[in-house]
file data-v8.pdb (PDB, C-alpha atoms and all ligand atoms)
ATOM      1  CA  MET C   8     -48.904   6.241   2.259
ATOM      2  CA  ASN C   9     -49.574   8.052   5.526
ATOM      3  CA  GLU C  10     -49.853  11.819   4.897
ATOM      4  CA  LEU C  11     -46.974  12.928   7.130
ATOM      5  CA  ARG C  12     -44.572  14.598   4.708
ATOM      6  CA  GLN C  13     -42.745  17.282   6.679
ATOM      7  CA  ILE C  14     -41.065  17.168  10.074
ATOM      8  CA  GLY C  15     -39.747  20.235  11.901
ATOM      9  CA  VAL C  16     -36.141  19.885  13.111
ATOM     10  CA  LEU C  17     -34.170  22.170  15.481
ATOM     11  CA  ASP C  18     -35.373  25.771  15.838
ATOM     12  CA  HIS C  19     -35.975  26.736  12.188
ATOM     13  CA  GLY C  20     -35.251  23.611  10.169
ATOM     14  CA  TYR C  21     -37.262  20.812   8.638
ATOM     15  CA  VAL C  22     -37.137  17.758   6.421
ATOM     16  CA  ARG C  23     -39.826  17.376   3.762
ATOM     17  CA  LEU C  24     -40.377  14.328   1.615
ATOM     18  CA  VAL C  25     -40.788  15.952  -1.799
ATOM     19  CA  GLU C  26     -41.313  12.772  -3.813
ATOM     20  CA  PHE C  27     -40.469   9.108  -3.812
ATOM     21  CA  MET C  28     -40.449   6.091  -6.079
ATOM     22  CA  GLY C  29     -41.144   2.516  -4.935
ATOM     23  CA  SER C  30     -42.150   0.786  -1.718
ATOM     24  CA  ASP C  31     -41.541  -2.483   0.135
ATOM     25  CA  LEU C  32     -43.072  -4.225  -2.847
ATOM     26  CA  SER C  33     -40.363  -2.838  -5.148
ATOM     27  CA  VAL C  34     -37.716  -4.328  -2.829
ATOM     28  CA  VAL C  35     -39.394  -7.742  -2.873
ATOM     29  CA  ARG C  36     -39.927  -7.617  -6.624
ATOM     30  CA  SER C  37     -36.287  -6.719  -7.250
ATOM     31  CA  ALA C  38     -35.121  -9.581  -5.031
ATOM     32  CA  ARG C  39     -37.425 -12.140  -6.589
ATOM     33  CA  VAL C  40     -36.346 -11.339 -10.121
ATOM     34  CA  SER C  41     -33.121 -13.164  -9.194
ATOM     35  CA  TYR C  42     -35.043 -16.400  -9.408
ATOM     36  CA  ASN C  43     -37.521 -15.244 -12.017
ATOM     37  CA  ALA C  44     -40.445 -15.018  -9.605
ATOM     38  CA  GLU C  45     -41.082 -11.283  -9.383
ATOM     39  CA  TRP C  46     -44.771 -11.870 -10.170
ATOM     40  CA  ARG C  47     -45.213 -13.335  -6.698
ATOM     41  CA  ALA C  48     -44.535 -10.021  -4.958
ATOM     42  CA  GLY C  49     -47.518  -8.739  -2.986
ATOM     43  CA  GLU C  50     -49.465 -12.027  -3.016
ATOM     44  CA  ASP C  51     -48.418 -13.141   0.447
ATOM     45  CA  GLN C  52     -47.448 -10.309   2.806
ATOM     46  CA  GLY C  53     -45.964 -12.720   5.377
ATOM     47  CA  SER C  54     -43.575 -14.178   2.846
ATOM     48  CA  ASP C  55     -42.668 -10.671   1.542
ATOM     49  CA  ILE C  56     -41.785  -9.504   5.066
ATOM     50  CA  ARG C  57     -39.727 -12.654   5.700
ATOM     51  CA  LEU C  58     -37.843 -12.002   2.474
ATOM     52  CA  ILE C  59     -37.139  -8.355   3.426
ATOM     53  CA  ASN C  60     -35.804  -9.494   6.810
ATOM     54  CA  TYR C  61     -33.653 -12.139   5.108
ATOM     55  CA  LEU C  62     -32.225  -9.563   2.679
ATOM     56  CA  MET C  63     -31.381  -7.168   5.498
ATOM     57  CA  LYS C  64     -29.777  -9.845   7.724
ATOM     58  CA  ASN C  65     -27.715 -11.269   4.894
ATOM     59  CA  LYS C  66     -26.655  -7.880   3.501
ATOM     60  CA  HIS C  67     -28.257  -8.582   0.130
ATOM     61  CA  THR C  68     -28.517  -4.835  -0.282
ATOM     62  CA  SER C  69     -29.211  -4.105  -3.950
ATOM     63  CA  PRO C  70     -33.022  -4.683  -3.800
ATOM     64  CA  PHE C  71     -33.231  -1.742  -1.367
ATOM     65  CA  GLU C  72     -31.867   0.478  -4.120
ATOM     66  CA  ALA C  73     -35.203   0.034  -5.938
ATOM     67  CA  VAL C  74     -36.740   2.692  -3.650
ATOM     68  CA  SER C  75     -35.662   6.300  -3.953
ATOM     69  CA  MET C  76     -36.648   9.504  -2.194
ATOM     70  CA  THR C  77     -36.105  13.227  -2.645
ATOM     71  CA  PHE C  78     -36.027  15.365   0.498
ATOM     72  CA  GLU C  79     -36.068  19.117   0.921
ATOM     73  CA  VAL C  80     -33.919  19.951   3.923
ATOM     74  CA  LYS C  81     -33.483  23.199   5.802
ATOM     75  CA  ALA C  82     -30.560  22.949   8.194
ATOM     76  CA  PRO C  83     -27.621  24.954   9.559
ATOM     77  CA  ILE C  84     -24.523  24.999   7.343
ATOM     78  CA  PHE C  85     -22.512  22.983   9.898
ATOM     79  CA  VAL C  86     -25.055  20.160   9.538
ATOM     80  CA  PHE C  87     -24.711  20.324   5.744
ATOM     81  CA  ARG C  88     -20.910  20.132   6.094
ATOM     82  CA  GLN C  89     -21.354  16.735   7.749
ATOM     83  CA  TRP C  90     -24.211  15.606   5.520
ATOM     84  CA  HIS C  91     -22.404  16.357   2.253
ATOM     85  CA  ARG C  92     -19.668  13.887   3.127
ATOM     86  CA  HIS C  93     -22.189  11.231   2.162
ATOM     87  CA  ARG C  94     -21.437  11.066  -1.538
ATOM     88  CA  THR C  95     -24.225   8.726  -2.550
ATOM     89  CA  PHE C  96     -26.895  11.439  -2.219
ATOM     90  CA  SER C  97     -27.464  13.809  -5.162
ATOM     91  CA  TYR C  98     -27.597  17.387  -3.887
ATOM     92  CA  ASN C  99     -28.707  20.845  -4.963
ATOM     93  CA  GLU C 100     -28.294  23.656  -2.457
ATOM     94  CA  ILE C 101     -29.406  27.280  -2.377
ATOM     95  CA  SER C 102     -26.586  29.600  -3.451
ATOM     96  CA  ALA C 103     -25.805  32.751  -1.482
ATOM     97  CA  ARG C 104     -24.142  34.008  -4.680
ATOM     98  CA  TYR C 105     -27.596  34.284  -6.292
ATOM     99  CA  SER C 106     -29.655  35.597  -3.419
ATOM    100  CA  GLN C 107     -29.379  37.166   0.020
ATOM    101  CA  LEU C 108     -29.693  34.628   2.834
ATOM    102  CA  PRO C 109     -32.499  35.262   5.320
ATOM    103  CA  ASP C 110     -31.569  36.320   8.809
ATOM    104  CA  GLU C 111     -31.852  32.821  10.329
ATOM    105  CA  PHE C 112     -29.332  30.989  12.446
ATOM    106  CA  TYR C 113     -29.419  28.007  14.770
ATOM    107  CA  LEU C 114     -29.418  28.381  18.533
ATOM    108  CA  PRO C 115     -29.439  25.246  20.689
ATOM    109  CA  GLU C 116     -31.871  24.865  23.540
ATOM    110  CA  PRO C 117     -29.996  25.562  26.821
ATOM    111  CA  THR C 118     -30.615  21.914  27.805
ATOM    112  CA  GLU C 119     -28.753  20.825  24.666
ATOM    113  CA  VAL C 120     -25.595  22.884  25.214
ATOM    114  CA  GLY C 121     -24.022  20.277  27.484
ATOM    115  CA  ILE C 122     -20.358  19.995  28.370
ATOM    116  CA  GLN C 123     -17.367  18.615  26.486
ATOM    117  CA  SER C 124     -17.220  14.830  26.935
ATOM    118  CA  THR C 125     -14.185  13.587  28.815
ATOM    119  CA  ASP C 126     -14.212  10.065  27.351
ATOM    120  CA  ASN C 127     -14.870  10.923  23.689
ATOM    121  CA  LYS C 128     -13.083  13.881  22.094
ATOM    122  CA  GLN C 129     -15.758  14.595  19.496
ATOM    123  CA  VAL C 130     -19.011  14.490  21.468
ATOM    124  CA  ARG C 131     -20.713  16.470  24.215
ATOM    125  CA  THR C 132     -22.348  15.115  27.328
ATOM    126  CA  LEU C 133     -25.972  16.057  27.828
ATOM    127  CA  ARG C 134     -27.937  15.702  31.034
ATOM    128  CA  THR C 135     -31.334  14.111  31.152
ATOM    129  CA  ASP C 136     -32.060  14.959  34.804
ATOM    130  CA  TRP C 137     -32.172  18.688  35.643
ATOM    131  CA  THR C 138     -33.304  18.474  39.262
ATOM    132  CA  SER C 139     -30.000  18.723  41.195
ATOM    133  CA  GLU C 140     -28.441  22.069  42.259
ATOM    134  CA  GLU C 141     -25.406  21.314  40.082
ATOM    135  CA  ALA C 142     -27.708  20.776  37.099
ATOM    136  CA  LYS C 143     -29.511  24.069  37.768
ATOM    137  CA  ASP C 144     -26.148  25.876  37.787
ATOM    138  CA  GLU C 145     -25.239  24.231  34.509
ATOM    139  CA  LEU C 146     -28.570  25.310  33.027
ATOM    140  CA  ARG C 147     -27.938  28.941  34.039
ATOM    141  CA  ARG C 148     -24.481  28.806  32.417
ATOM    142  CA  SER C 149     -25.994  27.250  29.293
ATOM    143  CA  GLU C 150     -28.562  30.059  29.052
ATOM    144  CA  GLU C 151     -25.680  32.556  29.094
ATOM    145  CA  VAL C 152     -23.940  30.547  26.388
ATOM    146  CA  VAL C 153     -27.052  30.726  24.201
ATOM    147  CA  ASP C 154     -27.203  34.518  24.742
ATOM    148  CA  LEU C 155     -23.566  34.787  23.656
ATOM    149  CA  LEU C 156     -24.221  32.667  20.564
ATOM    150  CA  ARG C 157     -27.257  34.820  19.707
ATOM    151  CA  ASP C 158     -25.295  38.098  20.044
ATOM    152  CA  THR C 159     -22.393  36.797  17.963
ATOM    153  CA  ASN C 160     -24.618  35.462  15.183
ATOM    154  CA  ARG C 161     -26.686  38.661  15.107
ATOM    155  CA  ALA C 162     -23.525  40.768  14.827
ATOM    156  CA  ALA C 163     -22.363  38.650  11.876
ATOM    157  CA  PHE C 164     -25.712  39.116  10.125
ATOM    158  CA  GLU C 165     -25.561  42.879  10.778
ATOM    159  CA  THR C 166     -22.147  43.029   9.092
ATOM    160  CA  TYR C 167     -23.487  40.894   6.203
ATOM    161  CA  LYS C 168     -26.361  43.330   5.633
ATOM    162  CA  GLN C 169     -24.040  46.346   5.932
ATOM    163  CA  LEU C 170     -21.713  44.862   3.314
ATOM    164  CA  LEU C 171     -24.623  44.245   0.928
ATOM    165  CA  LYS C 172     -25.848  47.812   1.485
ATOM    166  CA  ARG C 173     -22.397  49.085   0.493
ATOM    167  CA  GLY C 174     -22.624  47.173  -2.752
ATOM    168  CA  VAL C 175     -20.227  44.392  -1.804
ATOM    169  CA  PRO C 176     -20.994  41.409  -4.071
ATOM    170  CA  ARG C 177     -23.158  38.715  -2.459
ATOM    171  CA  GLU C 178     -20.490  36.049  -3.026
ATOM    172  CA  LEU C 179     -18.060  38.031  -0.870
ATOM    173  CA  ALA C 180     -20.489  39.452   1.697
ATOM    174  CA  ARG C 181     -21.584  35.927   2.653
ATOM    175  CA  THR C 182     -18.093  35.051   3.863
ATOM    176  CA  VAL C 183     -18.836  36.666   7.239
ATOM    177  CA  LEU C 184     -21.830  34.412   7.913
ATOM    178  CA  PRO C 185     -21.438  31.795  10.628
ATOM    179  CA  VAL C 186     -21.858  28.039  10.119
ATOM    180  CA  ALA C 187     -25.017  28.276  12.256
ATOM    181  CA  THR C 188     -26.716  30.029   9.285
ATOM    182  CA  TYR C 189     -29.636  28.079   7.842
ATOM    183  CA  SER C 190     -29.404  26.844   4.277
ATOM    184  CA  LYS C 191     -31.682  24.724   2.098
ATOM    185  CA  MET C 192     -31.100  21.806  -0.216
ATOM    186  CA  PHE C 193     -32.793  19.066  -2.188
ATOM    187  CA  ALA C 194     -31.235  15.656  -1.604
ATOM    188  CA  THR C 195     -32.080  12.484  -3.503
ATOM    189  CA  VAL C 196     -31.020   9.059  -2.291
ATOM    190  CA  ASN C 197     -31.989   5.424  -2.629
ATOM    191  CA  LEU C 198     -33.075   3.428   0.399
ATOM    192  CA  HIS C 199     -29.872   1.382   0.647
ATOM    193  CA  ASN C 200     -27.695   4.506   0.769
ATOM    194  CA  LEU C 201     -30.113   6.214   3.133
ATOM    195  CA  PHE C 202     -29.607   3.253   5.491
ATOM    196  CA  ARG C 203     -25.818   3.754   5.332
ATOM    197  CA  PHE C 204     -26.281   7.432   6.225
ATOM    198  CA  LEU C 205     -28.731   6.646   9.031
ATOM    199  CA  LYS C 206     -26.512   3.995  10.577
ATOM    200  CA  LEU C 207     -23.684   6.525  10.909
ATOM    201  CA  ARG C 208     -25.750   9.594  11.779
ATOM    202  CA  LEU C 209     -28.125   8.033  14.323
ATOM    203  CA  HIS C 210     -25.156   6.682  16.244
ATOM    204  CA  PRO C 211     -24.562   8.312  19.663
ATOM    205  CA  HIS C 212     -21.144   9.492  18.395
ATOM    206  CA  ALA C 213     -22.779  11.607  15.672
ATOM    207  CA  GLN C 214     -23.463  15.247  16.564
ATOM    208  CA  VAL C 215     -26.839  15.803  18.239
ATOM    209  CA  GLU C 216     -28.016  18.227  15.553
ATOM    210  CA  ILE C 217     -27.476  15.897  12.571
ATOM    211  CA  ARG C 218     -28.969  13.064  14.637
ATOM    212  CA  ARG C 219     -32.207  15.043  14.818
ATOM    213  CA  TYR C 220     -32.279  15.234  11.017
ATOM    214  CA  ALA C 221     -31.485  11.518  10.743
ATOM    215  CA  GLU C 222     -34.425  10.769  13.055
ATOM    216  CA  ALA C 223     -36.748  12.787  10.808
ATOM    217  CA  LEU C 224     -35.476  10.951   7.715
ATOM    218  CA  LEU C 225     -36.040   7.629   9.456
ATOM    219  CA  GLN C 226     -39.647   8.568  10.226
ATOM    220  CA  LEU C 227     -40.347   9.696   6.658
ATOM    221  CA  ALA C 228     -38.697   6.600   5.152
ATOM    222  CA  MET C 229     -40.868   4.511   7.498
ATOM    223  CA  ARG C 230     -43.895   5.856   5.643
ATOM    224  CA  VAL C 231     -42.479   4.897   2.254
ATOM    225  CA  ALA C 232     -41.188   1.380   3.003
ATOM    226  CA  PRO C 233     -42.248   0.385   6.555
ATOM    227  CA  HIS C 234     -41.130  -3.261   6.481
ATOM    228  CA  SER C 235     -37.706  -2.458   5.036
ATOM    229  CA  VAL C 236     -37.145   0.322   7.572
ATOM    230  CA  THR C 237     -38.309  -1.917  10.433
ATOM    231  CA  ALA C 238     -35.892  -4.640   9.263
ATOM    232  CA  PHE C 239     -33.111  -2.016   9.193
ATOM    233  CA  ILE C 240     -33.925  -0.853  12.735
ATOM    234  CA  ASN C 241     -34.062  -4.414  14.087
ATOM    235  CA  THR C 242     -30.894  -5.550  12.331
ATOM    236  CA  GLU C 243     -28.510  -2.645  11.763
ATOM    237  CA  LEU C 244     -29.553  -0.110  14.413
ATOM    238  CA  ALA C 245     -29.871  -2.919  16.959
ATOM    239  CA  THR C 246     -26.069  -3.313  16.777
ATOM    240  CA  TYR C 247     -25.813  -0.197  18.964
ATOM    241  CA  GLY C 248     -29.130  -0.441  20.769
ATOM    242  CA  TYR C 249     -31.068   2.182  18.801
ATOM    243  CA  ASP C 250     -33.897  -0.332  18.231
ATOM    244  CA  GLN C 251     -34.754  -0.067  21.934
ATOM    245  CA  LYS C 252     -36.035   3.436  21.298
ATOM    246  CA  TYR C 253     -38.816   1.760  19.348
ATOM    247  CA  THR C 254     -39.377  -1.367  21.407
ATOM    248  CA  GLN C 255     -39.659   0.647  24.636
ATOM    249  CA  GLY C 256     -42.400   2.734  23.010
TER     250      GLY C 256
HETATM  251  C1  LIG I   1     -19.367  10.298  13.991
HETATM  252  C2  LIG I   1     -18.621  10.742  12.773
HETATM  253  C3  LIG I   1     -17.481  11.500  12.900
HETATM  254  C4  LIG I   1     -16.775  11.926  11.774
HETATM  255  N1  LIG I   1     -15.651  12.687  11.934
HETATM  256  C5  LIG I   1     -14.976  13.113  10.846
HETATM  257  C6  LIG I   1     -13.800  13.929  10.981
HETATM  258  O1  LIG I   1     -13.374  14.251  12.078
HETATM  259  N2  LIG I   1     -13.182  14.362   9.861
HETATM  260  C7  LIG I   1     -13.617  14.015   8.606
HETATM  261  O2  LIG I   1     -13.006  14.412   7.606
HETATM  262  N3  LIG I   1     -14.719  13.242   8.445
HETATM  263  C8  LIG I   1     -15.408  12.791   9.523
HETATM  264  N4  LIG I   1     -16.532  12.027   9.353
HETATM  265  C9  LIG I   1     -16.995  11.737   7.997
HETATM  266  C10 LIG I   1     -16.616  10.297   7.565
HETATM  267  O3  LIG I   1     -15.210  10.148   7.483
HETATM  268  C11 LIG I   1     -17.256   9.962   6.209
HETATM  269  O4  LIG I   1     -16.752  10.853   5.233
HETATM  270  C12 LIG I   1     -18.754  10.092   6.227
HETATM  271  O5  LIG I   1     -19.290   9.421   7.330
HETATM  272  C13 LIG I   1     -19.339   9.500   4.952
HETATM  273  O6  LIG I   1     -19.156   8.106   4.980
HETATM  274  P1  LIG I   1     -18.979   7.265   3.666
HETATM  275  O7  LIG I   1     -17.769   7.683   2.905
HETATM  276  O8  LIG I   1     -19.066   5.821   4.078
HETATM  277  O9  LIG I   1     -20.331   7.664   2.889
HETATM  278  P2  LIG I   1     -20.631   7.810   1.352
HETATM  279  O10 LIG I   1     -19.868   8.914   0.730
HETATM  280  O11 LIG I   1     -22.129   7.879   1.272
HETATM  281  O12 LIG I   1     -20.163   6.486   0.721
HETATM  282  C14 LIG I   1     -20.787   5.250   0.999
HETATM  283  C15 LIG I   1     -19.818   4.172   0.586
HETATM  284  O13 LIG I   1     -19.656   4.239  -0.826
HETATM  285  C16 LIG I   1     -18.307   4.015  -1.164
HETATM  286  N5  LIG I   1     -17.791   5.212  -1.866
HETATM  287  C17 LIG I   1     -18.497   6.333  -2.187
HETATM  288  N6  LIG I   1     -17.733   7.187  -2.878
HETATM  289  C18 LIG I   1     -16.524   6.607  -2.988
HETATM  290  C19 LIG I   1     -15.300   7.006  -3.584
HETATM  291  N7  LIG I   1     -15.156   8.153  -4.237
HETATM  292  N8  LIG I   1     -14.255   6.172  -3.470
HETATM  293  C20 LIG I   1     -14.361   5.000  -2.838
HETATM  294  N9  LIG I   1     -15.488   4.558  -2.249
HETATM  295  C21 LIG I   1     -16.555   5.356  -2.331
HETATM  296  C22 LIG I   1     -17.565   3.674   0.118
HETATM  297  O14 LIG I   1     -17.598   2.301   0.317
HETATM  298  C23 LIG I   1     -18.422   4.316   1.175
HETATM  299  O15 LIG I   1     -18.299   3.697   2.424
HETATM  300  C24 LIG I   1     -17.237  11.585  10.475
HETATM  301  C25 LIG I   1     -18.381  10.800  10.346
HETATM  302  C26 LIG I   1     -19.087  10.387  11.479
HETATM  303  C27 LIG I   1     -20.340   9.553  11.295
END
call {"tool": "encode", "arguments": {"input": "data-v8.pdb", "output": "C-alpha cells"}}
result
Amino acid sequence: MNELRQIGVLDHGYVRLVEFMGSDLSVVRSARVSYNAEWRAGEDQGSDIRLINYLMKNKHTSPFEAVSMTFEVKAPIFVFRQWHRHRTFSYNEISARYSQLPDEFYLPEPTEVGIQSTDNKQVRTLRTDWTSEEAKDELRRSEEVVDLLRDTNRAAFETYKQLLKRGVPRELARTVLPVATYSKMFATVNLHNLFRFLKLRLHPHAQVEIRRYAEALLQLAMRVAPHSVTAFINTELATYGYDQKYTQG
C-alpha cells in the first residue's frame, strides 16, 4: 500500500488511516465464494477488475464489506454532529468530562465564508472567481466575519478556562464551548458503508466542511482498495458528476 496515511483537513483537523483489513482481493474472493471459486482471486487482474465493476454496477454490495478501516479523525464538533448520524460506523470520541479540551476551534478561510444560497435552503454559495469589484467587497466582508468568529470563539474558551479555574466540573464547564471546537474520534467502518457515507457527504448539498473530510477518506480508501474505489467513483459518484473531478485531472 502507498505510504500516505494522514491527510490534513481544514485549519487544524486531519484524517489518519490507523489500520485496515482486506483489499480489492478480499472483495473478489468474497464474491467468488458464491460459486465456490474463491481460489481464482488474484490470478487474473483483468477479470478481478471486471468482477469488481460488475458488483458495483449491479449493487451486489456485500463483498465490499470484506474490507474494513479504522480512521482517527480530528474535526470540529459540528462536523461530528453530521458524521455521527451515520450509524454503521463504530465510534469512540474524546470526552471533555475526562480531560480539558485544547484551545482549538475552526475558522473558515474568508474565501469559504460565502453567502446563503437562494435556491437551496441548506447550502451556501461560494465564488470561484475573485477578480470582480463585487467579489473583492465580498472578500472584505468575509474577512470581517472571520474576525468576528475568532473573537466569539476565543471569548467562549476564556470563559471555559475561567470556569475550570474556579473549580467548576469539566462536564459542566464544557457546555460553553462552541460547535467549532475541535474534537477527536476513532471511527471504524467497512468499505460498503464507507461508500454510503461518501455518496451522501461528497454531494454538493453536503456542507463544505464535511465534504473536505469525505474527500480525505476517499483518498485514503483509494490506497486500500483502488479498484473498488474507482468503480464506486465511476458508478455511484458519476450519478452527480463527481467522477469528472478525477477524469479532468
Ligand atoms: C445533505 C444532507 C442534509 C441533511 N440534513 C439533515 C437535517 O436537516 N436534519 C436531520 O436530522 N438530518 C439530516 N441529515 C442526516 C440524514 O437524515 C441521515 O441521518 C444521514 O445522512 C445518515 O444516513 P443513513 O441513515 O442512510 O446512514 P446510516 O445510519 O449509516 O445507515 C445506512 C443505512 O442503514 C440502514 N439503517 C441503519 N440503522 C438503521 C436503523 N436503526 N433503522 C433502520 N435502518 C437503519 C438504513 O437503510 C440506512 O439508510 C442530512 C444528511 C445529508 C447528507
call {"tool": "residues_around", "arguments": {"input": "data-v8.pdb", "residues": "C:Ala232", "least_positions_apart": "4", "cutoff": "7 Å", "atoms": "only C-alpha atoms", "output": "count of residues only"}}
result
4
call {"tool": "residues_near_ligand", "arguments": {"input": "data-v8.pdb", "ligand": "ligand LIG 1 (chain I)", "cutoff": "7 Å", "atoms": "all atoms listed in the file", "output": "VMD selection string"}}
result
chain C and resid 89 92 to 96 200 203 to 204 207 to 208 212 to 214
call {"tool": "axis_aligned_box", "arguments": {"input": "data-v8.pdb", "around": "stretch 176-181 of chain C", "padding_each_side": "5 Å", "output": "AutoDock Vina command-line options"}}
result
--center_x -20.6 --center_y 38.7 --center_z -0.7 --size_x 15.1 --size_y 15.5 --size_z 16.7
call {"tool": "atom_distance", "arguments": {"input": "data-v8.pdb", "atom1": "atom CA of C:Asp154", "atom2": "atom CA of C:Phe112"}}
result
13.0 Å
call {"tool": "resolve_selection", "arguments": {"input": "data-v8.pdb", "expression": "the PyMOL selection byres (((chain C and resi 177-187) around 9) and not hetatm)", "output": "number ranges by chain"}}
result
C: 82-86, 88, 102-108, 111-114, 159-160, 163-164, 166-171, 174-176, 188-189
call {"tool": "residues_around", "arguments": {"input": "data-v8.pdb", "residues": "C:Met63", "least_positions_apart": "3", "cutoff": "9 Å", "atoms": "only C-alpha atoms", "output": "JSON list (two decimals) with C-alpha atoms, in the coordinates of the input"}}
result
[["chain", "number", "residue", "atom", "x", "y", "z"],
["C", 58, "LEU", "CA", -37.84, -12.00, 2.47],
["C", 59, "ILE", "CA", -37.14, -8.36, 3.43],
["C", 60, "ASN", "CA", -35.80, -9.49, 6.81],
["C", 66, "LYS", "CA", -26.66, -7.88, 3.50],
["C", 67, "HIS", "CA", -28.26, -8.58, 0.13],
["C", 68, "THR", "CA", -28.52, -4.84, -0.28],
["C", 71, "PHE", "CA", -33.23, -1.74, -1.37],
["C", 235, "SER", "CA", -37.71, -2.46, 5.04],
["C", 238, "ALA", "CA", -35.89, -4.64, 9.26],
["C", 239, "PHE", "CA", -33.11, -2.02, 9.19],
["C", 242, "THR", "CA", -30.89, -5.55, 12.33],
["C", 243, "GLU", "CA", -28.51, -2.64, 11.76]]
call {"tool": "resolve_selection", "arguments": {"input": "data-v8.pdb", "expression": "the PyMOL selection byres (((chain C and resi 25) around 8) and not hetatm)", "output": "VMD selection string"}}
result
chain C and resid 12 23 to 24 26 to 27 76 to 79
call {"tool": "write_last_selection", "arguments": {"input": "data-v8.pdb", "atoms": "C-alpha atoms", "output": "PDB file, in the coordinates of the input"}}
result
ATOM      1  CA  ARG C  12     -44.572  14.598   4.708  1.00  0.00           C
ATOM      2  CA  ARG C  23     -39.826  17.376   3.762  1.00  0.00           C
ATOM      3  CA  LEU C  24     -40.377  14.328   1.615  1.00  0.00           C
ATOM      4  CA  GLU C  26     -41.313  12.772  -3.813  1.00  0.00           C
ATOM      5  CA  PHE C  27     -40.469   9.108  -3.812  1.00  0.00           C
ATOM      6  CA  MET C  76     -36.648   9.504  -2.194  1.00  0.00           C
ATOM      7  CA  THR C  77     -36.105  13.227  -2.645  1.00  0.00           C
ATOM      8  CA  PHE C  78     -36.027  15.365   0.498  1.00  0.00           C
ATOM      9  CA  GLU C  79     -36.068  19.117   0.921  1.00  0.00           C
TER      10      GLU C  79
END
call {"tool": "resolve_selection", "arguments": {"input": "data-v8.pdb", "expression": "the PyMOL selection byres (((chain C and resi 32-36) around 10) and not hetatm)", "output": "VMD selection string"}}
result
chain C and resid 28 to 31 37 to 41 43 to 49 52 54 to 59 62 68 to 74 198 232 234 to 235
call {"tool": "atom_distance", "arguments": {"input": "data-v8.pdb", "atom1": "atom CA of C:Gln123", "atom2": "atom CA of C:Asp158"}}
result
22.0 Å
call {"tool": "residues_around", "arguments": {"input": "data-v8.pdb", "residues": "C:Pro211", "least_positions_apart": "5", "cutoff": "10 Å", "atoms": "all atoms listed in the file", "output": "list in words"}}
result
Val130, Arg218, Tyr247, Gly248 and Tyr249 of chain C
